[in-house]
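Inspection log for the structure reproduced underneath, given as structure tokens.
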Amino acid sequence: MKMNGARILLECLKKEGVDTIFGYPGGTVINIYDELFSFKDIRHILPRHEQAGTHAADGYARATGRVGVCLATSGPGATNTVTGIATAYMDSIPMVIITGQVPTPLIGNDAFQEVDIIGITRPCTKHSFLVRDVKDLAMIMKKAFYIARSGRPGPVLVDFPKDVQIAQAEFSYPETVEIRSYKPTLGGHPRQVEKAMALMLEAHRPVMYVGGGAVLGNASDELTQLARMLTIPVTTTLMGLGSFPENDPNSLGMLGMHGAYCANMAMTNADLIVAIGARFDDRVTGKLTTFAPHAKIIHVDVDPTSIKKNVRVDLPIVGDVKDVLSKMIKQADKLSDKVAEFKAALAPWHSDISGWKEKHPIGYKESSTIIKPQFVIQKLRELSDADAIISTDVGQHQMWTAQFFQFNKPRTLLTSGGLGTMGFGLPAAMGAQAAYPGRQVITICGDGGVQMNIQEMATLVQNKLPVKIVILNNNFLGMVRQWQELFFDKRYSSTCMELPIDFVKLAEAYGAKGFSSSKPSDVEKIIKQGFKEQGPVIMEFKIAREEKVLPMVPAGAALNEMVLNA
Amino acid sequence: MQHTISVLVENEFGVLSRVSSLFSGRGFNIDSLTVAPTNEEGMSRMTIVTRGDEKILEQITKQLNKLIDIIKVIDFTDGSGIERELALIKVTAEDESRAEVLRIVDIFRAKIIDVTPKSYTIEATGNPVKIDAILDLLRPLGLKELVRTGAVAIGRGAKGWKG
């Protein structure tokens with residue numbers, strides 16, 4: 001059947017199993033909106049800003065593992081998506097971004113609302129397409145979804161000129177897709193896996209260092225099984241939190257700049273590091289020349305460019321982490337005698353680790369007069385559902401959440417790790433809640449970041465998305481203030497948010513509920529009340545203003561040179 | 001160290017800018033870059049001359065391979081390839097230097113492709129080292145203008161790039 005390009009686009013989305021898109025109308029997408037008006041198979045959510053729509057699609061993707069989809073008009077609509085796209089790119093989130101474009105004869109003429117969005121987003125997309133002929137549209141969409149979700153996932157942008165949306169073509173969706181220049185290596189090489197297992201069983205002080213790849217690759221079960229089989233301690237990056245249960249005795253928690261003392265000490269003293277879906281980011285390694293000086297490194301990653309980019313690697317394995325870990329488990333099964341021997345020899349290493357855990361556990365000084373942010377996070381953990389989804393913004397509250405919430409399930413923490421995008425938390429929670437209307441979705445924010453996309457309160461209320469918004473308010477851009485305190489003689493240049501915001505009234509202005517307190521004794525009561533509400537809620541806690549995130553590895557210092565108290 | 005890399009690409013919209021922005025975005029150097037279609041429909045071939053140590057070259061190769069439109073990356077650094085470059089050189093040629101220019105052209109098996117009473121325009125081909133050598137000899141005589149194509153490279157032996 002012949003249909004116009006706009007309709008073909010929607011049919012393609014339906015074929016890809018897309019049930020929800022986040023989009024904002026405008027001149028060059030009006031034909032798509034006209035088709036959406038009567039298209040019942042896709043739920044369209046209207047954010048109040050295209051950046052938030054992009055983050056919402058990202059949050060949807062992180063929570064579900066499916067491809068998130070958003071739609072924006074040309075020009076400013078398209079440029080507003082850029083921060084969202086870069087955020088998704090840095091964290092390898094599968095997304096398809098559809099932007100309207102001026103009609104093809106006008107491209108390059110500086111037409112009204114024209115921008116070269118493919119050019120602008122080239123460094124922060126996995127790939128992009130300009131649809132020049134409506135006959136190519138179905139294949140382009142098929143490729144876009146395939147590229148977004150396969151290999152190392154990432155955002156793919158489809159730029160869709162208005163005249164092509166109007167043009168007619170026969171619609172048939174391709175069953176399969178074959179791109180001769182794109183064939184990600186998924187199966188880990190069996191010989192490399194055997195070698196890796198041999199190296200692992202020779203080690204006396206091994207650590208598994210796990211990143212976001214284990215979450216994206218749905219490899220939590222295999223990871224947990226292997227770590228428990230071999231009793232190897234596991235530390236995760238911020239992005240890896242949830243891939244390995246933090247309540248497991250083998251868990252060291254998060255490593256890196258604000259990681260646990262035991263995790264950083266284990267990395268520094270290890271004789272073998274097994275990196276799984278992690279990329280040795282500077283926030284994880286600290287000073288490279290002193291990073292893991294005694295360790296051999298096995299690096300498992302689906303993206304060959306991650307391997308040997310920052311650190312030397314003794315044994316690379318390119319492949320899907322789930323596949324490689326399954327093969328490792330099979331190999332360990334075959335070597336059960338050796339495994340038993342290996343485990344017995346780990347006793348001194350486990351005792352070193354317990355010693356570090358006891359010496360400097362993650363902690364804080366409690367107070368009965370002023371709300372400590374860490375206390376709020378612990379209460380949230382205690383009072384929230386076991387499968388609650390938590391999103392964060394970026395800064396101190398993000399690190400306190402990572403340190404104190406304790407994540408035991410994958411895809412329960414949605415956070416901007418790579419790009420570090422303030423304003424991410426609220427719209428990402430919106431996307432997760434749209435995907436899981438029945439689950440508890442909580443966003444933990446600071447007073448700075450939450451105001452970067454606060455307009456999405458309207459979207460939450462309008463779409464009955466009952467996101468619980470927790471604001472840890474210190475009237476500071478806290479993380480920068482912390483750096484100014486520690487490294488710039490307390491010269492708090494432009495980090496004090498001097499105007500106090502009445503967040504309760506703000507919630508009410510949008511038709512939501514708001515609670516606020518500065519008393520520790522109110523924390524539990526407010527959280528319980530907030531969780532009981534049917535709709536979206538703001539829970540503001542006025543916290544100890546100059547509380548710091550500790551421990552901290554100063555930028556450029558070695559991983560074991562942590563500031564523990566300051 | 002200098003490296004010559006051949007990159008086979010899908011002849012798609014924007015592929016050249018994807019490659020060049022990868023180099024600029026990651027701080028890799030490009031000494032020269034050429035691109036043109038191949039005998040296979042829809043496929044172009046780039047030859048990129050770049051610099052860096054082994055670690056940088058490994059990243060360049062991997063990052064290029066990661067681009068969706070790139071079919072194959074071939075590194076000719078180990079001497080497995082033959083390189084050629086073409087240069088168009090406009091040189092001052094008056095009085096006694098006219099004969100000297102002709103001698104140099106002859107030695108390098110280059111060609112005069114345009115003549116005026118005051119100048120010669122020379123076409124020279126060869127590997128980039130040979131082009132450098134002819135330029136060294138012509139420079140003292142008065143080089144007015146120079147255009148180089150940048151190197152192109154092909155593997156030695158009977159096999160094509162597909163093996």
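Chains: A, B, ... in order of the structure tokens. Residues: from 1 per chain. Ligands: from 1, in order shown.
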Counting only C-alpha atoms, which residues of chain A fall within 8 Å of chain B, and what is the closest atom pair for each with its distance in Å at one decimal, ordered by chain and rising number, as a Markdown table?
```
| residue | atom | partner | partner_atom | distance |
| --- | --- | --- | --- | --- |
| A:Arg122 | CA | B:Arg18 | CA | 7.0 |
| A:Pro123 | CA | B:Ser21 | CA | 7.3 |
| A:Lys126 | CA | B:Leu67 | CA | 7.8 |
| A:His127 | CA | B:Ile68 | CA | 6.7 |
| A:Arg180 | CA | B:Ile71 | CA | 6.8 |
| A:Ser181 | CA | B:Ile71 | CA | 4.1 |
| A:Tyr182 | CA | B:Ile68 | CA | 5.4 |
| A:Pro304 | CA | B:Lys62 | CA | 6.6 |
| A:Thr305 | CA | B:Lys62 | CA | 5.4 |
| A:Lys308 | CA | B:Lys55 | CA | 8.0 |
| A:Lys309 | CA | B:Gln59 | CA | 6.8 |
```
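Taking only stretch 33-141 of chain A, the residues that DSSP calls strand (DSSP E or B) from the backbone come to Arg43, His44, Ile45, Gly68, Val69, Cys70, Leu71, Ala72, Met95, Val96, Ile97, Ile98, Thr99, Gly100, Gln101, His127, Ser128, Phe129 and Leu130 of chain A.
Going from atom CA of A:Leu477 to atom CA of A:Asp447 covers 7.7 Å.
Closest approach to A:Leu472 from the set A:Val313, A:Leu226, A:Ile543, A:Val300 is made by A:Ile543, with distances taken over only C-alpha atoms.
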Just want the 10 Å neighbourhood of A:Pro348, counted on only C-alpha atoms, with same-chain residues fewer than 4 positions away dropped. Output as a PDB file with N, CA and C atoms, in the first residue's frame.
```
ATOM      1  N   HIS A 204      46.648 -14.564  42.729  1.00  0.00           N
ATOM      2  CA  HIS A 204      46.459 -14.658  44.175  1.00  0.00           C
ATOM      3  C   HIS A 204      45.691 -13.467  44.722  1.00  0.00           C
ATOM      4  N   ARG A 205      45.718 -12.374  43.957  1.00  0.00           N
ATOM      5  CA  ARG A 205      45.018 -11.170  44.423  1.00  0.00           C
ATOM      6  C   ARG A 205      44.173 -10.602  43.265  1.00  0.00           C
ATOM      7  N   ALA A 344      41.002 -21.768  47.639  1.00  0.00           N
ATOM      8  CA  ALA A 344      41.656 -21.966  48.940  1.00  0.00           C
ATOM      9  C   ALA A 344      42.804 -20.978  49.119  1.00  0.00           C
ATOM     10  N   ASP A 352      42.914  -9.471  53.612  1.00  0.00           N
ATOM     11  CA  ASP A 352      43.367  -8.087  53.344  1.00  0.00           C
ATOM     12  C   ASP A 352      42.157  -7.199  53.073  1.00  0.00           C
ATOM     13  N   ILE A 353      41.269  -7.702  52.228  1.00  0.00           N
ATOM     14  CA  ILE A 353      40.110  -6.897  51.814  1.00  0.00           C
ATOM     15  C   ILE A 353      39.190  -6.618  53.005  1.00  0.00           C
ATOM     16  N   SER A 354      38.939  -7.649  53.817  1.00  0.00           N
ATOM     17  CA  SER A 354      38.103  -7.410  55.009  1.00  0.00           C
ATOM     18  C   SER A 354      38.749  -6.354  55.886  1.00  0.00           C
TER      19      SER A 354
END
```
Practice prompt. Fewer than 4 positions away in the same chain doesn't count, so skip those; otherwise give me all residues within 12 Å of A:Lys195, counting only C-alpha atoms, as a VMD selection string.
Written response: chain A and resid 188 to 191 199 to 202 298 314 to 317 327 to 328 331 to 332
Those selected residues, please, written with all heavy atoms and delivered as a CSV table (one decimal), in the first residue's frame.
```
chain,number,residue,atom,x,y,z
A,188,GLY,N,33.1,-14.1,22.0
A,188,GLY,CA,34.5,-14.0,22.5
A,188,GLY,C,35.3,-15.2,22.0
A,188,GLY,O,34.8,-16.3,21.8
A,189,HIS,N,36.6,-14.9,21.6
A,189,HIS,CA,37.4,-16.0,21.0
A,189,HIS,C,37.7,-17.1,22.1
A,189,HIS,O,38.2,-16.8,23.1
A,189,HIS,CB,38.7,-15.4,20.5
A,189,HIS,CG,39.4,-16.3,19.6
A,189,HIS,ND1,40.1,-17.4,20.0
A,189,HIS,CD2,39.6,-16.3,18.2
A,189,HIS,CE1,40.6,-18.0,18.9
A,189,HIS,NE2,40.3,-17.3,17.9
A,190,PRO,N,37.3,-18.4,21.8
A,190,PRO,CA,37.4,-19.4,22.8
A,190,PRO,C,38.8,-19.6,23.3
A,190,PRO,O,39.0,-19.8,24.5
A,190,PRO,CB,36.9,-20.7,22.1
A,190,PRO,CG,36.2,-20.2,20.9
A,190,PRO,CD,36.7,-18.8,20.5
A,191,ARG,N,39.8,-19.4,22.5
A,191,ARG,CA,41.2,-19.6,22.9
A,191,ARG,C,41.6,-18.5,23.9
A,191,ARG,O,42.3,-18.7,24.9
A,191,ARG,CB,42.1,-19.6,21.6
A,191,ARG,CG,43.5,-19.8,21.9
A,191,ARG,CD,43.8,-21.3,22.0
A,191,ARG,NE,45.2,-21.5,22.6
A,191,ARG,CZ,45.4,-21.6,23.9
A,191,ARG,NH1,44.5,-21.6,24.8
A,191,ARG,NH2,46.7,-21.8,24.3
A,199,LEU,N,45.0,-17.5,33.3
A,199,LEU,CA,45.6,-16.4,34.1
A,199,LEU,C,44.8,-16.1,35.4
A,199,LEU,O,45.5,-15.9,36.4
A,199,LEU,CB,45.4,-15.1,33.2
A,199,LEU,CG,46.6,-14.7,32.4
A,199,LEU,CD1,46.2,-13.3,31.7
A,199,LEU,CD2,47.9,-14.5,33.2
A,200,MET,N,43.5,-16.2,35.3
A,200,MET,CA,42.7,-16.0,36.5
A,200,MET,C,43.1,-17.0,37.6
A,200,MET,O,43.2,-16.7,38.8
A,200,MET,CB,41.2,-16.0,36.2
A,200,MET,CG,40.7,-14.7,35.6
A,200,MET,SD,39.2,-14.9,34.6
A,200,MET,CE,38.0,-14.9,35.9
A,201,LEU,N,43.2,-18.3,37.2
A,201,LEU,CA,43.4,-19.3,38.2
A,201,LEU,C,44.9,-19.3,38.8
A,201,LEU,O,45.1,-20.0,39.8
A,201,LEU,CB,43.0,-20.7,37.7
A,201,LEU,CG,41.5,-20.8,37.4
A,201,LEU,CD1,41.2,-22.2,36.8
A,201,LEU,CD2,40.6,-20.5,38.5
A,202,GLU,N,45.7,-18.5,38.1
A,202,GLU,CA,47.1,-18.4,38.7
A,202,GLU,C,47.2,-17.2,39.6
A,202,GLU,O,48.2,-17.1,40.4
A,202,GLU,CB,48.1,-18.0,37.5
A,202,GLU,CG,48.6,-19.2,36.8
A,202,GLU,CD,49.3,-18.8,35.5
A,202,GLU,OE1,49.7,-17.6,35.4
A,202,GLU,OE2,49.4,-19.6,34.6
A,298,ILE,N,43.2,-8.3,32.2
A,298,ILE,CA,42.4,-9.0,31.2
A,298,ILE,C,41.3,-8.0,30.9
A,298,ILE,O,40.7,-7.5,31.8
A,298,ILE,CB,41.8,-10.3,31.7
A,298,ILE,CG1,42.9,-11.3,32.0
A,298,ILE,CG2,40.8,-10.9,30.7
A,298,ILE,CD1,42.4,-12.5,32.8
A,314,ASP,N,47.1,-7.1,29.1
A,314,ASP,CA,47.9,-8.3,28.8
A,314,ASP,C,47.1,-9.3,28.0
A,314,ASP,O,47.6,-10.0,27.2
A,314,ASP,CB,48.3,-8.9,30.2
A,314,ASP,CG,49.1,-8.0,31.0
A,314,ASP,OD1,50.3,-8.0,30.7
A,314,ASP,OD2,48.6,-7.2,31.8
A,315,LEU,N,45.8,-9.3,28.2
A,315,LEU,CA,44.9,-10.2,27.4
A,315,LEU,C,43.6,-9.6,27.1
A,315,LEU,O,42.7,-9.4,27.9
A,315,LEU,CB,44.7,-11.5,28.3
A,315,LEU,CG,44.0,-12.6,27.5
A,315,LEU,CD1,45.1,-13.4,26.8
A,315,LEU,CD2,43.1,-13.4,28.3
A,316,PRO,N,43.5,-9.2,25.8
A,316,PRO,CA,42.2,-8.6,25.3
A,316,PRO,C,41.2,-9.7,24.9
A,316,PRO,O,41.7,-10.6,24.3
A,316,PRO,CB,42.7,-7.7,24.1
A,316,PRO,CG,43.9,-8.4,23.6
A,316,PRO,CD,44.5,-9.1,24.7
A,317,ILE,N,40.0,-9.5,25.2
A,317,ILE,CA,38.9,-10.3,24.6
A,317,ILE,C,37.9,-9.4,24.1
A,317,ILE,O,37.2,-8.8,24.8
A,317,ILE,CB,38.3,-11.3,25.6
A,317,ILE,CG1,39.4,-12.1,26.4
A,317,ILE,CG2,37.3,-12.2,24.9
A,317,ILE,CD1,38.9,-13.1,27.4
A,327,LYS,N,31.1,-18.3,28.6
A,327,LYS,CA,32.2,-19.2,28.2
A,327,LYS,C,33.2,-19.4,29.4
A,327,LYS,O,33.7,-20.5,29.6
A,327,LYS,CB,33.0,-18.7,27.0
A,327,LYS,CG,32.2,-18.9,25.7
A,327,LYS,CD,32.9,-18.2,24.5
A,327,LYS,CE,32.1,-18.5,23.2
A,327,LYS,NZ,32.4,-17.5,22.2
A,328,MET,N,33.4,-18.3,30.1
A,328,MET,CA,34.3,-18.4,31.3
A,328,MET,C,33.7,-19.4,32.3
A,328,MET,O,34.4,-20.2,33.0
A,328,MET,CB,34.5,-17.1,31.9
A,328,MET,CG,35.5,-16.2,31.1
A,328,MET,SD,35.7,-14.6,32.0
A,328,MET,CE,37.1,-13.9,31.1
A,331,GLN,N,34.2,-22.9,31.2
A,331,GLN,CA,35.6,-23.2,31.4
A,331,GLN,C,35.9,-23.5,32.9
A,331,GLN,O,36.7,-24.5,33.2
A,331,GLN,CB,36.5,-22.1,30.8
A,331,GLN,CG,37.9,-22.3,30.8
A,331,GLN,CD,38.3,-23.3,29.8
A,331,GLN,OE1,37.5,-23.7,28.9
A,331,GLN,NE2,39.6,-23.8,29.9
A,332,ALA,N,35.4,-22.7,33.8
A,332,ALA,CA,35.6,-22.9,35.2
A,332,ALA,C,35.0,-24.2,35.6
A,332,ALA,O,35.6,-24.9,36.5
A,332,ALA,CB,35.0,-21.7,36.0
```
Practice prompt. Show which residues sit within 9 Å of A:Leu419, as a PyMOL selection string. Count only C-alpha atoms, and ignore same-chain residues fewer than 4 positions away.
Written response: chain A and resi 83+86-91
Grab the residues selected above and save them as a PDB file, in the first residue's frame with N, CA, C and O atoms.
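Output file result-v4.pdb follows:
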```pdb
ATOM      1  N   THR A  83      22.603  17.947  23.825  1.00  0.00           N
ATOM      2  CA  THR A  83      23.106  17.518  25.135  1.00  0.00           C
ATOM      3  C   THR A  83      22.592  16.114  25.484  1.00  0.00           C
ATOM      4  O   THR A  83      23.331  15.287  26.020  1.00  0.00           O
ATOM      5  N   ALA A  86      24.581  13.607  23.345  1.00  0.00           N
ATOM      6  CA  ALA A  86      25.950  13.437  23.846  1.00  0.00           C
ATOM      7  C   ALA A  86      25.951  12.621  25.145  1.00  0.00           C
ATOM      8  O   ALA A  86      26.833  11.792  25.377  1.00  0.00           O
ATOM      9  N   THR A  87      24.941  12.844  25.985  1.00  0.00           N
ATOM     10  CA  THR A  87      24.813  12.087  27.229  1.00  0.00           C
ATOM     11  C   THR A  87      24.664  10.595  26.921  1.00  0.00           C
ATOM     12  O   THR A  87      25.352   9.754  27.511  1.00  0.00           O
ATOM     13  N   ALA A  88      23.779  10.298  25.983  1.00  0.00           N
ATOM     14  CA  ALA A  88      23.540   8.896  25.615  1.00  0.00           C
ATOM     15  C   ALA A  88      24.774   8.291  24.962  1.00  0.00           C
ATOM     16  O   ALA A  88      25.128   7.131  25.216  1.00  0.00           O
ATOM     17  N   TYR A  89      25.450   9.073  24.144  1.00  0.00           N
ATOM     18  CA  TYR A  89      26.634   8.561  23.445  1.00  0.00           C
ATOM     19  C   TYR A  89      27.732   8.171  24.427  1.00  0.00           C
ATOM     20  O   TYR A  89      28.328   7.100  24.317  1.00  0.00           O
ATOM     21  N   MET A  90      27.979   9.034  25.396  1.00  0.00           N
ATOM     22  CA  MET A  90      29.063   8.755  26.348  1.00  0.00           C
ATOM     23  C   MET A  90      28.776   7.518  27.193  1.00  0.00           C
ATOM     24  O   MET A  90      29.693   6.855  27.663  1.00  0.00           O
ATOM     25  N   ASP A  91      27.490   7.238  27.434  1.00  0.00           N
ATOM     26  CA  ASP A  91      27.140   6.062  28.234  1.00  0.00           C
ATOM     27  C   ASP A  91      26.658   4.887  27.379  1.00  0.00           C
ATOM     28  O   ASP A  91      26.149   3.905  27.918  1.00  0.00           O
TER      29      ASP A  91
END
```
Fill in: Close residues, stretch 255-263 of chain A itself excluded, 6 Å, only C-alpha atoms, min 6 positions apart in chain, as number ranges by chain
A: 237, 283-284, 356-357, 551-553
Output file for the selection above: N, CA and C atoms, as a compact mmCIF listing (two decimals), in the first residue's frame:
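Okay, out_19.txt is ready:
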```
# COMPACT_ATOMS: atom_id res chain seq x y z
N THR A 237 32.13 0.33 38.48
CA THR A 237 32.16 1.77 38.23
C THR A 237 30.78 2.32 38.57
N ARG A 283 38.28 9.02 35.86
CA ARG A 283 37.66 9.08 37.19
C ARG A 283 37.83 7.74 37.94
N VAL A 284 38.19 6.71 37.21
CA VAL A 284 38.37 5.38 37.81
C VAL A 284 39.84 5.10 38.10
N TRP A 356 40.65 -3.83 54.94
CA TRP A 356 40.41 -2.50 54.36
C TRP A 356 38.97 -2.07 54.57
N LYS A 357 38.05 -3.05 54.42
CA LYS A 357 36.62 -2.73 54.62
C LYS A 357 36.38 -2.21 56.03
N PRO A 551 35.20 9.18 50.69
CA PRO A 551 36.55 9.62 50.37
C PRO A 551 36.64 10.27 48.98
N MET A 552 37.80 10.87 48.75
CA MET A 552 38.00 11.51 47.46
C MET A 552 39.45 11.34 47.01
N VAL A 553 39.61 10.91 45.78
CA VAL A 553 40.94 10.90 45.16
C VAL A 553 41.05 12.20 44.39
```
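Distances to B:Thr38 were evaluated for B:Ile107, B:Val7, B:Glu100, B:Leu16 using only C-alpha atoms, and the minimum falls at B:Val7.
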Item to complete: Could you pull out the residues in chain B that DSSP calls helix (DSSP H, G or I) from the backbone, as a PyMOL selection string?
Response: chain B and resi 15-25+54-66+96-107+128-142
Discussion item. List the spatial neighbours of stretch 85-94 of chain B as number ranges by chain - criterion: any atom at most 12 Å away, only C-alpha atoms, same-chain residues fewer than 3 positions off excluded.
Written reply: B: 32-34, 47, 49, 82, 97-105, 110-154
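One finds atom CA of A:Pro153 at 25.3 Å from atom CA of A:Gly253.
The gap separating atom CA of A:Pro47 from atom CA of A:Arg439 is 20.5 Å, in Å to one decimal.
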